[in-house]
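Structure below is protein-v9.cif: mmCIF, N, CA and C atoms.
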```cif
data_query
#
loop_
_atom_site.label_atom_id
_atom_site.label_comp_id
_atom_site.auth_asym_id
_atom_site.auth_seq_id
_atom_site.Cartn_x
_atom_site.Cartn_y
_atom_site.Cartn_z
N MET A 6 -6.06 0.28 4.31
CA MET A 6 -6.10 0.95 3.02
C MET A 6 -7.57 1.17 2.67
N ILE A 7 -7.85 2.33 2.12
CA ILE A 7 -9.21 2.65 1.66
C ILE A 7 -9.17 2.80 0.14
N TYR A 8 -10.14 2.15 -0.52
CA TYR A 8 -10.22 2.20 -1.97
C TYR A 8 -11.66 2.46 -2.38
N GLU A 9 -11.85 3.52 -3.17
CA GLU A 9 -13.19 3.87 -3.64
C GLU A 9 -13.41 3.26 -5.02
N SER A 10 -14.50 2.49 -5.17
CA SER A 10 -14.81 1.83 -6.44
C SER A 10 -16.26 2.11 -6.82
N ARG A 11 -16.69 1.53 -7.94
CA ARG A 11 -18.08 1.69 -8.38
C ARG A 11 -19.04 1.03 -7.39
N GLU A 12 -18.58 -0.05 -6.72
CA GLU A 12 -19.43 -0.79 -5.79
C GLU A 12 -19.61 -0.07 -4.46
N GLY A 13 -18.67 0.79 -4.13
CA GLY A 13 -18.67 1.48 -2.84
C GLY A 13 -17.24 1.73 -2.40
N VAL A 14 -17.02 1.83 -1.11
CA VAL A 14 -15.70 2.13 -0.57
C VAL A 14 -15.22 0.93 0.25
N TYR A 15 -14.11 0.36 -0.17
CA TYR A 15 -13.51 -0.77 0.54
C TYR A 15 -12.51 -0.28 1.57
N VAL A 16 -12.54 -0.92 2.75
CA VAL A 16 -11.49 -0.75 3.74
C VAL A 16 -10.79 -2.11 3.82
N PHE A 17 -9.53 -2.14 3.44
CA PHE A 17 -8.74 -3.36 3.48
C PHE A 17 -7.92 -3.38 4.76
N GLY A 18 -7.84 -4.52 5.42
CA GLY A 18 -7.07 -4.67 6.64
C GLY A 18 -5.93 -5.66 6.45
N TYR A 19 -4.84 -5.45 7.17
CA TYR A 19 -3.62 -6.23 6.98
C TYR A 19 -3.07 -6.71 8.32
N ASP A 20 -2.26 -7.77 8.26
CA ASP A 20 -1.52 -8.24 9.42
C ASP A 20 -0.03 -8.26 9.10
N ASP A 21 0.37 -7.37 8.19
CA ASP A 21 1.74 -7.36 7.68
C ASP A 21 2.12 -5.91 7.37
N LEU A 22 3.34 -5.50 7.73
CA LEU A 22 3.80 -4.15 7.40
C LEU A 22 4.29 -4.04 5.96
N ALA A 23 4.62 -5.19 5.36
CA ALA A 23 5.05 -5.19 3.96
C ALA A 23 3.83 -5.12 3.05
N ASP A 24 4.02 -4.60 1.85
CA ASP A 24 2.95 -4.57 0.87
C ASP A 24 2.52 -6.01 0.58
N SER A 25 1.23 -6.27 0.73
CA SER A 25 0.74 -7.65 0.57
C SER A 25 -0.76 -7.62 0.35
N ALA A 26 -1.31 -8.80 0.10
CA ALA A 26 -2.76 -8.94 -0.02
C ALA A 26 -3.39 -8.68 1.34
N SER A 27 -4.57 -8.12 1.34
CA SER A 27 -5.23 -7.83 2.61
C SER A 27 -5.69 -9.12 3.29
N LYS A 28 -5.81 -9.04 4.58
CA LYS A 28 -6.30 -10.17 5.38
C LYS A 28 -7.83 -10.17 5.39
N TRP A 29 -8.44 -9.00 5.33
CA TRP A 29 -9.89 -8.86 5.34
C TRP A 29 -10.28 -7.56 4.64
N ASP A 30 -11.57 -7.42 4.33
CA ASP A 30 -12.07 -6.14 3.81
C ASP A 30 -13.51 -5.93 4.25
N ASN A 31 -13.89 -4.67 4.31
CA ASN A 31 -15.28 -4.25 4.57
C ASN A 31 -15.67 -3.32 3.43
N LEU A 32 -16.94 -3.38 3.04
CA LEU A 32 -17.46 -2.51 1.99
C LEU A 32 -18.47 -1.55 2.60
N PHE A 33 -18.28 -0.26 2.29
CA PHE A 33 -19.17 0.79 2.79
C PHE A 33 -19.83 1.50 1.61
N GLU A 34 -20.97 2.10 1.87
CA GLU A 34 -21.69 2.80 0.81
C GLU A 34 -20.99 4.07 0.36
N ASN A 35 -20.29 4.73 1.29
CA ASN A 35 -19.66 6.00 0.95
C ASN A 35 -18.39 6.21 1.76
N MET A 36 -17.61 7.20 1.35
CA MET A 36 -16.32 7.49 1.98
C MET A 36 -16.49 7.93 3.44
N GLU A 37 -17.53 8.71 3.71
CA GLU A 37 -17.74 9.18 5.08
C GLU A 37 -17.90 8.01 6.05
N ASP A 38 -18.69 6.99 5.66
CA ASP A 38 -18.89 5.84 6.53
C ASP A 38 -17.58 5.06 6.71
N ALA A 39 -16.81 4.92 5.65
CA ALA A 39 -15.54 4.20 5.72
C ALA A 39 -14.57 4.93 6.64
N LEU A 40 -14.47 6.24 6.49
CA LEU A 40 -13.56 7.02 7.34
C LEU A 40 -14.01 6.98 8.81
N GLU A 41 -15.31 7.05 9.05
CA GLU A 41 -15.82 6.98 10.42
C GLU A 41 -15.48 5.62 11.05
N PHE A 42 -15.64 4.54 10.28
CA PHE A 42 -15.28 3.21 10.76
C PHE A 42 -13.80 3.16 11.15
N CYS A 43 -12.93 3.68 10.28
CA CYS A 43 -11.49 3.66 10.56
C CYS A 43 -11.14 4.50 11.77
N GLN A 44 -11.77 5.64 11.90
CA GLN A 44 -11.51 6.51 13.05
C GLN A 44 -11.96 5.84 14.35
N ASP A 45 -13.16 5.26 14.33
CA ASP A 45 -13.70 4.60 15.53
C ASP A 45 -12.89 3.36 15.90
N ARG A 46 -12.56 2.56 14.91
CA ARG A 46 -11.91 1.27 15.17
C ARG A 46 -10.41 1.38 15.40
N TYR A 47 -9.76 2.28 14.64
CA TYR A 47 -8.30 2.33 14.65
C TYR A 47 -7.73 3.69 15.03
N ASN A 48 -8.61 4.66 15.30
CA ASN A 48 -8.16 6.01 15.58
C ASN A 48 -7.27 6.51 14.44
N ALA A 49 -7.66 6.16 13.22
CA ALA A 49 -6.84 6.43 12.03
C ALA A 49 -7.21 7.76 11.40
N ASP A 50 -6.20 8.60 11.26
CA ASP A 50 -6.35 9.83 10.49
C ASP A 50 -4.99 10.16 9.89
N GLY A 51 -4.89 11.21 9.12
CA GLY A 51 -3.62 11.53 8.47
C GLY A 51 -3.28 10.52 7.39
N TRP A 52 -4.22 10.23 6.52
CA TRP A 52 -4.05 9.21 5.50
C TRP A 52 -2.92 9.53 4.54
N ILE A 53 -2.25 8.50 4.06
CA ILE A 53 -1.22 8.62 3.03
C ILE A 53 -1.92 8.43 1.69
N SER A 54 -1.65 9.33 0.76
CA SER A 54 -2.24 9.24 -0.56
C SER A 54 -1.34 8.41 -1.48
N ILE A 55 -1.93 7.42 -2.15
CA ILE A 55 -1.18 6.60 -3.11
C ILE A 55 -1.94 6.59 -4.43
N ASP A 56 -1.24 6.20 -5.49
CA ASP A 56 -1.88 6.14 -6.81
C ASP A 56 -2.98 5.08 -6.84
N ALA A 57 -3.96 5.29 -7.69
CA ALA A 57 -5.00 4.28 -7.90
C ALA A 57 -4.36 3.05 -8.53
N PRO A 58 -4.94 1.87 -8.31
CA PRO A 58 -4.34 0.67 -8.89
C PRO A 58 -4.37 0.69 -10.41
N THR A 59 -3.36 0.07 -10.99
CA THR A 59 -3.28 -0.08 -12.44
C THR A 59 -4.36 -1.07 -12.88
N GLU A 60 -4.88 -0.91 -14.09
CA GLU A 60 -5.90 -1.81 -14.61
C GLU A 60 -5.45 -3.26 -14.51
N ASN A 61 -6.37 -4.13 -14.09
CA ASN A 61 -6.15 -5.57 -13.91
C ASN A 61 -5.27 -5.91 -12.71
N CYS A 62 -4.88 -4.93 -11.93
CA CYS A 62 -4.07 -5.20 -10.74
C CYS A 62 -4.96 -5.26 -9.50
N GLN A 63 -4.42 -5.87 -8.46
CA GLN A 63 -5.13 -6.01 -7.20
C GLN A 63 -5.34 -4.63 -6.56
N HIS A 64 -6.51 -4.42 -6.00
CA HIS A 64 -6.82 -3.14 -5.38
C HIS A 64 -6.33 -3.06 -3.94
N ASP A 65 -5.93 -4.19 -3.38
CA ASP A 65 -5.47 -4.19 -1.99
C ASP A 65 -3.94 -4.24 -1.87
N TRP A 66 -3.23 -4.06 -2.97
CA TRP A 66 -1.77 -3.95 -2.97
C TRP A 66 -1.40 -2.54 -3.38
N ILE A 67 -0.26 -2.06 -2.93
CA ILE A 67 0.24 -0.76 -3.36
C ILE A 67 0.97 -0.90 -4.69
N GLN A 68 1.84 -1.91 -4.78
CA GLN A 68 2.60 -2.13 -6.01
C GLN A 68 1.70 -2.73 -7.08
N LYS A 69 2.19 -2.77 -8.30
CA LYS A 69 1.43 -3.33 -9.43
C LYS A 69 1.51 -4.85 -9.36
N ILE A 70 0.47 -5.46 -8.77
CA ILE A 70 0.40 -6.90 -8.54
C ILE A 70 -0.91 -7.41 -9.13
N ARG A 71 -0.84 -8.58 -9.78
CA ARG A 71 -2.06 -9.21 -10.29
C ARG A 71 -2.02 -10.70 -9.98
N ILE A 72 -3.19 -11.33 -10.05
CA ILE A 72 -3.28 -12.78 -9.87
C ILE A 72 -2.83 -13.42 -11.18
N LYS A 73 -1.90 -14.34 -11.07
CA LYS A 73 -1.35 -15.01 -12.23
C LYS A 73 -2.47 -15.71 -13.02
N GLY A 74 -2.49 -15.49 -14.34
CA GLY A 74 -3.44 -16.14 -15.23
C GLY A 74 -4.82 -15.49 -15.30
N LYS A 75 -5.11 -14.55 -14.43
CA LYS A 75 -6.44 -13.94 -14.39
C LYS A 75 -6.75 -13.20 -15.70
N GLU A 76 -5.72 -12.57 -16.28
CA GLU A 76 -5.91 -11.82 -17.52
C GLU A 76 -6.30 -12.74 -18.68
N LYS A 77 -6.02 -14.06 -18.56
CA LYS A 77 -6.35 -15.05 -19.59
C LYS A 77 -7.64 -15.80 -19.25
N GLY A 78 -8.28 -15.43 -18.15
CA GLY A 78 -9.49 -16.11 -17.73
C GLY A 78 -9.21 -17.42 -17.00
N LYS A 79 -7.96 -17.65 -16.61
CA LYS A 79 -7.58 -18.86 -15.89
C LYS A 79 -6.77 -18.48 -14.65
N PRO A 80 -7.46 -17.87 -13.67
CA PRO A 80 -6.73 -17.40 -12.50
C PRO A 80 -6.13 -18.54 -11.68
N GLU A 81 -4.91 -18.33 -11.23
CA GLU A 81 -4.23 -19.25 -10.32
C GLU A 81 -4.25 -18.59 -8.95
N TRP A 82 -5.34 -18.79 -8.22
CA TRP A 82 -5.55 -18.12 -6.94
C TRP A 82 -4.39 -18.40 -6.00
N GLY A 83 -3.93 -17.35 -5.33
CA GLY A 83 -2.82 -17.48 -4.39
C GLY A 83 -1.46 -17.32 -5.04
N HIS A 84 -1.43 -17.20 -6.38
CA HIS A 84 -0.17 -16.99 -7.10
C HIS A 84 -0.21 -15.60 -7.73
N PHE A 85 0.82 -14.82 -7.46
CA PHE A 85 0.82 -13.43 -7.88
C PHE A 85 1.98 -13.12 -8.81
N GLU A 86 1.78 -12.08 -9.63
CA GLU A 86 2.82 -11.54 -10.50
C GLU A 86 2.94 -10.05 -10.23
N GLN A 87 4.16 -9.53 -10.36
CA GLN A 87 4.41 -8.11 -10.18
C GLN A 87 4.97 -7.54 -11.47
N LEU A 88 4.52 -6.34 -11.82
CA LEU A 88 5.03 -5.65 -13.00
C LEU A 88 6.34 -4.97 -12.63
N ILE A 89 7.44 -5.48 -13.21
CA ILE A 89 8.77 -4.96 -12.95
C ILE A 89 9.43 -4.65 -14.29
N ASN A 90 9.78 -3.37 -14.48
CA ASN A 90 10.40 -2.94 -15.73
C ASN A 90 9.62 -3.39 -16.97
N GLY A 91 8.30 -3.26 -16.90
CA GLY A 91 7.45 -3.57 -18.05
C GLY A 91 7.16 -5.04 -18.26
N GLN A 92 7.63 -5.93 -17.37
CA GLN A 92 7.39 -7.37 -17.52
C GLN A 92 6.76 -7.93 -16.25
N TRP A 93 5.85 -8.89 -16.42
CA TRP A 93 5.22 -9.54 -15.29
C TRP A 93 6.11 -10.68 -14.81
N LYS A 94 6.44 -10.65 -13.51
CA LYS A 94 7.30 -11.68 -12.92
C LYS A 94 6.62 -12.26 -11.70
N GLY A 95 6.68 -13.58 -11.57
CA GLY A 95 6.08 -14.25 -10.43
C GLY A 95 6.75 -13.83 -9.13
N ILE A 96 5.95 -13.68 -8.09
CA ILE A 96 6.49 -13.33 -6.78
C ILE A 96 5.96 -14.33 -5.76
N SER A 97 6.68 -14.46 -4.66
CA SER A 97 6.18 -15.27 -3.56
C SER A 97 6.20 -14.42 -2.31
N LYS A 98 5.30 -14.69 -1.43
CA LYS A 98 5.17 -13.93 -0.19
C LYS A 98 5.07 -14.93 0.93
N ASP A 99 6.21 -15.24 1.56
CA ASP A 99 6.23 -16.27 2.58
C ASP A 99 6.25 -15.71 4.00
N GLU A 100 7.08 -14.73 4.25
CA GLU A 100 7.25 -14.22 5.60
C GLU A 100 6.54 -12.90 5.79
N LYS A 101 5.96 -12.72 6.95
CA LYS A 101 5.31 -11.45 7.28
C LYS A 101 6.32 -10.53 7.96
N VAL A 102 6.14 -9.24 7.75
CA VAL A 102 6.99 -8.24 8.40
C VAL A 102 6.18 -7.66 9.55
N LYS A 103 6.61 -7.93 10.77
CA LYS A 103 5.90 -7.47 11.97
C LYS A 103 6.51 -6.19 12.54
N SER A 104 7.74 -5.86 12.12
CA SER A 104 8.43 -4.70 12.66
C SER A 104 9.41 -4.17 11.62
N PHE A 105 9.62 -2.86 11.63
CA PHE A 105 10.63 -2.26 10.77
C PHE A 105 11.99 -2.22 11.47
N GLY A 106 12.05 -2.72 12.70
CA GLY A 106 13.29 -2.73 13.46
C GLY A 106 14.40 -3.43 12.70
N GLY A 107 15.58 -2.79 12.68
CA GLY A 107 16.73 -3.37 12.01
C GLY A 107 16.80 -3.07 10.52
N MET A 108 15.77 -2.45 9.96
CA MET A 108 15.79 -2.12 8.53
C MET A 108 16.34 -0.72 8.31
N ALA A 109 17.07 -0.56 7.22
CA ALA A 109 17.50 0.78 6.79
C ALA A 109 16.26 1.53 6.31
N ASP A 110 16.33 2.85 6.36
CA ASP A 110 15.17 3.66 5.96
C ASP A 110 14.72 3.35 4.54
N ASN A 111 15.64 3.26 3.59
CA ASN A 111 15.26 2.97 2.21
C ASN A 111 14.64 1.58 2.08
N GLU A 112 15.10 0.64 2.89
CA GLU A 112 14.53 -0.71 2.89
C GLU A 112 13.07 -0.68 3.33
N LYS A 113 12.76 0.18 4.29
CA LYS A 113 11.37 0.33 4.75
C LYS A 113 10.47 0.79 3.61
N LEU A 114 10.96 1.74 2.81
CA LEU A 114 10.19 2.22 1.65
C LEU A 114 9.93 1.09 0.67
N TRP A 115 10.95 0.31 0.39
CA TRP A 115 10.83 -0.78 -0.59
C TRP A 115 9.87 -1.86 -0.09
N VAL A 116 10.06 -2.32 1.13
CA VAL A 116 9.24 -3.40 1.69
C VAL A 116 7.77 -2.99 1.78
N SER A 117 7.52 -1.75 2.13
CA SER A 117 6.14 -1.27 2.27
C SER A 117 5.44 -1.08 0.93
N GLY A 118 6.20 -1.01 -0.16
CA GLY A 118 5.60 -0.77 -1.47
C GLY A 118 5.37 0.70 -1.77
N LEU A 119 5.91 1.58 -0.93
CA LEU A 119 5.62 3.01 -1.05
C LEU A 119 6.71 3.81 -1.78
N VAL A 120 7.66 3.16 -2.41
CA VAL A 120 8.76 3.86 -3.07
C VAL A 120 8.25 4.85 -4.11
N ASP A 121 7.45 4.38 -5.05
CA ASP A 121 6.98 5.25 -6.13
C ASP A 121 6.08 6.36 -5.61
N ASP A 122 5.21 6.04 -4.68
CA ASP A 122 4.32 7.06 -4.12
C ASP A 122 5.10 8.10 -3.33
N PHE A 123 6.15 7.66 -2.63
CA PHE A 123 6.99 8.61 -1.91
C PHE A 123 7.71 9.53 -2.90
N ASP A 124 8.32 8.96 -3.95
CA ASP A 124 9.02 9.78 -4.94
C ASP A 124 8.09 10.81 -5.57
N ARG A 125 6.88 10.39 -5.91
CA ARG A 125 5.89 11.32 -6.49
C ARG A 125 5.54 12.41 -5.49
N SER A 126 5.30 12.01 -4.24
CA SER A 126 4.93 12.98 -3.20
C SER A 126 6.05 13.95 -2.89
N LEU A 127 7.28 13.49 -2.92
CA LEU A 127 8.41 14.36 -2.62
C LEU A 127 8.47 15.52 -3.61
N LYS A 128 8.06 15.28 -4.85
CA LYS A 128 8.06 16.33 -5.88
C LYS A 128 6.82 17.22 -5.82
N LYS A 129 5.66 16.64 -5.44
CA LYS A 129 4.40 17.37 -5.59
C LYS A 129 3.64 17.64 -4.29
N ASP A 130 3.92 16.85 -3.23
CA ASP A 130 3.12 16.96 -2.01
C ASP A 130 3.98 16.59 -0.80
N LYS A 131 4.74 17.57 -0.32
CA LYS A 131 5.69 17.32 0.78
C LYS A 131 4.99 16.81 2.05
N GLN A 132 3.76 17.25 2.29
CA GLN A 132 3.04 16.77 3.47
C GLN A 132 2.79 15.28 3.39
N ASN A 133 2.39 14.80 2.21
CA ASN A 133 2.17 13.37 2.03
C ASN A 133 3.49 12.61 2.14
N ALA A 134 4.57 13.17 1.59
CA ALA A 134 5.89 12.55 1.70
C ALA A 134 6.27 12.41 3.18
N GLU A 135 6.01 13.44 3.97
CA GLU A 135 6.32 13.37 5.40
C GLU A 135 5.46 12.33 6.10
N ARG A 136 4.17 12.23 5.76
CA ARG A 136 3.30 11.22 6.36
C ARG A 136 3.82 9.82 6.07
N ILE A 137 4.31 9.60 4.84
CA ILE A 137 4.86 8.29 4.48
C ILE A 137 6.07 7.97 5.36
N LEU A 138 7.00 8.92 5.46
CA LEU A 138 8.21 8.67 6.25
C LEU A 138 7.88 8.44 7.73
N ARG A 139 6.96 9.21 8.26
CA ARG A 139 6.59 9.04 9.67
C ARG A 139 5.90 7.68 9.88
N ALA A 140 5.05 7.27 8.95
CA ALA A 140 4.39 5.97 9.07
C ALA A 140 5.41 4.83 9.04
N LEU A 141 6.51 5.05 8.32
CA LEU A 141 7.55 4.03 8.23
C LEU A 141 8.61 4.16 9.32
N GLN A 142 8.35 5.04 10.26
CA GLN A 142 9.20 5.21 11.44
C GLN A 142 10.64 5.60 11.09
N TRP A 143 10.78 6.55 10.16
CA TRP A 143 12.11 7.05 9.81
C TRP A 143 12.66 7.85 10.98
N ALA A 144 13.96 7.83 11.12
CA ALA A 144 14.63 8.64 12.14
C ALA A 144 14.37 10.12 11.84
N GLU A 145 14.11 10.88 12.89
CA GLU A 145 13.77 12.30 12.72
C GLU A 145 14.85 13.06 11.96
N SER A 146 16.12 12.78 12.23
CA SER A 146 17.22 13.48 11.56
C SER A 146 17.22 13.18 10.06
N SER A 147 16.97 11.94 9.68
CA SER A 147 16.92 11.56 8.27
C SER A 147 15.70 12.18 7.59
N LEU A 148 14.59 12.16 8.31
CA LEU A 148 13.34 12.69 7.79
C LEU A 148 13.50 14.16 7.43
N LYS A 149 14.10 14.96 8.32
CA LYS A 149 14.26 16.39 8.06
C LYS A 149 15.18 16.66 6.88
N LYS A 150 16.27 15.87 6.76
CA LYS A 150 17.20 16.06 5.66
C LYS A 150 16.54 15.80 4.30
N ILE A 151 15.81 14.73 4.21
CA ILE A 151 15.24 14.35 2.92
C ILE A 151 14.10 15.27 2.49
N LEU A 152 13.41 15.89 3.46
CA LEU A 152 12.28 16.76 3.14
C LEU A 152 12.69 18.20 2.83
N GLN A 153 13.97 18.55 3.00
CA GLN A 153 14.41 19.92 2.72
C GLN A 153 14.38 20.22 1.25
#
```

Show me, as structure tokens, the structure contained in the file I just sent.
Amino acid sequence: MIYESREGVYVFGYDDLADSASKWDNLFENMEDALEFCQDRYNADGWISIDAPTENCQHDWIQKIRIKGKEKGKPEWGHFEQLINGQWKGISKDEKVKSFGGMADNEKLWVSGLVDDFDRSLKKDKQNAERILRALQWAESSLKKILQ
């Protein structure tokens, strides 16, 4: 994931297919350097566009996630809350997702944290919607039906 901030451009790295906290990050001075790093290291192109993080939420998660207690100045590091239907609810992240094998297509969207971004893209940016589905390894027949 690439995130542009006032400090520079962060590249977050993961060891999990599910939406989660990053395993590592690198900070670059500008977007060009970050993109070059990703291309050289991961042969990464065709980026998926997602919404900017909500205020006070983690920048390395797709969904609206924050560190529990941080908003009160008493962060409980390693404990997270997710904004669900306007309320903050504690979440736990125990198992890593190494493969989408055996998951239904809609389950892949949910686990990856890309549901809202996909819905937005389907209405406004079909190319981005297709990139999301391809990244989640949707069946070609399902992919074509949903993009019509």

Nearest to Trp66 (chain A) among A:Gln92, A:Trp82, A:Gly106, A:Asp24, with distances taken over all atoms listed in the file: which residue is it?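 Closest candidate: A:Asp24.
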
How many Å separate atom C of Lys150 (chain A) from atom C of Ala134 (chain A)?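 Straight-line distance from atom C of Lys150 (chain A) to atom C of Ala134 (chain A) works out to 10.9 Å.
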
Which residues, named as in the file, does the PyMOL selection byres ((chain A and resi 122) around 8) pick out? Answer as a PyMOL selection string. chain A and resi 54-56+118-121+123-128+133-134+137

Where in chain A does DSSP assign alpha helix (DSSP H), given as a ChimeraX atom specification? /A:36-47,110-117,120-129,131-140,145-152

Please write the residues picked by the PyMOL selection byres (((chain A and resi 103 and name CA) around 6) and name CA) on this file as an NGL selection string. :A and (21 or 102 or 104)

Box in all listed atoms of region 117-124 of chain A, axis-aligned, with 4 Å more on each side; write out centre and edge lengths in Å to one decimal as lines of an AutoDock Vina configuration file.
```
center_x = 6.7
center_y = 4.5
center_z = -1.9
size_x = 12.7
size_y = 20.6
size_z = 16.4
```

Which residue, A:Asn48, A:Ser97, A:Gly13, A:Glu76, has the smallest gap to Asn61 (chain A) when you use only N, CA and C atoms?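 Of all the options, A:Glu76 lies closest to Asn61 (chain A).
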
Taking the file as I've supplied it (selection: the PyMOL selection byres ((chain A and resi 32) around 6.5)), which residues are included? Please answer as number ranges by chain. A: 13-16, 30-31, 33-34
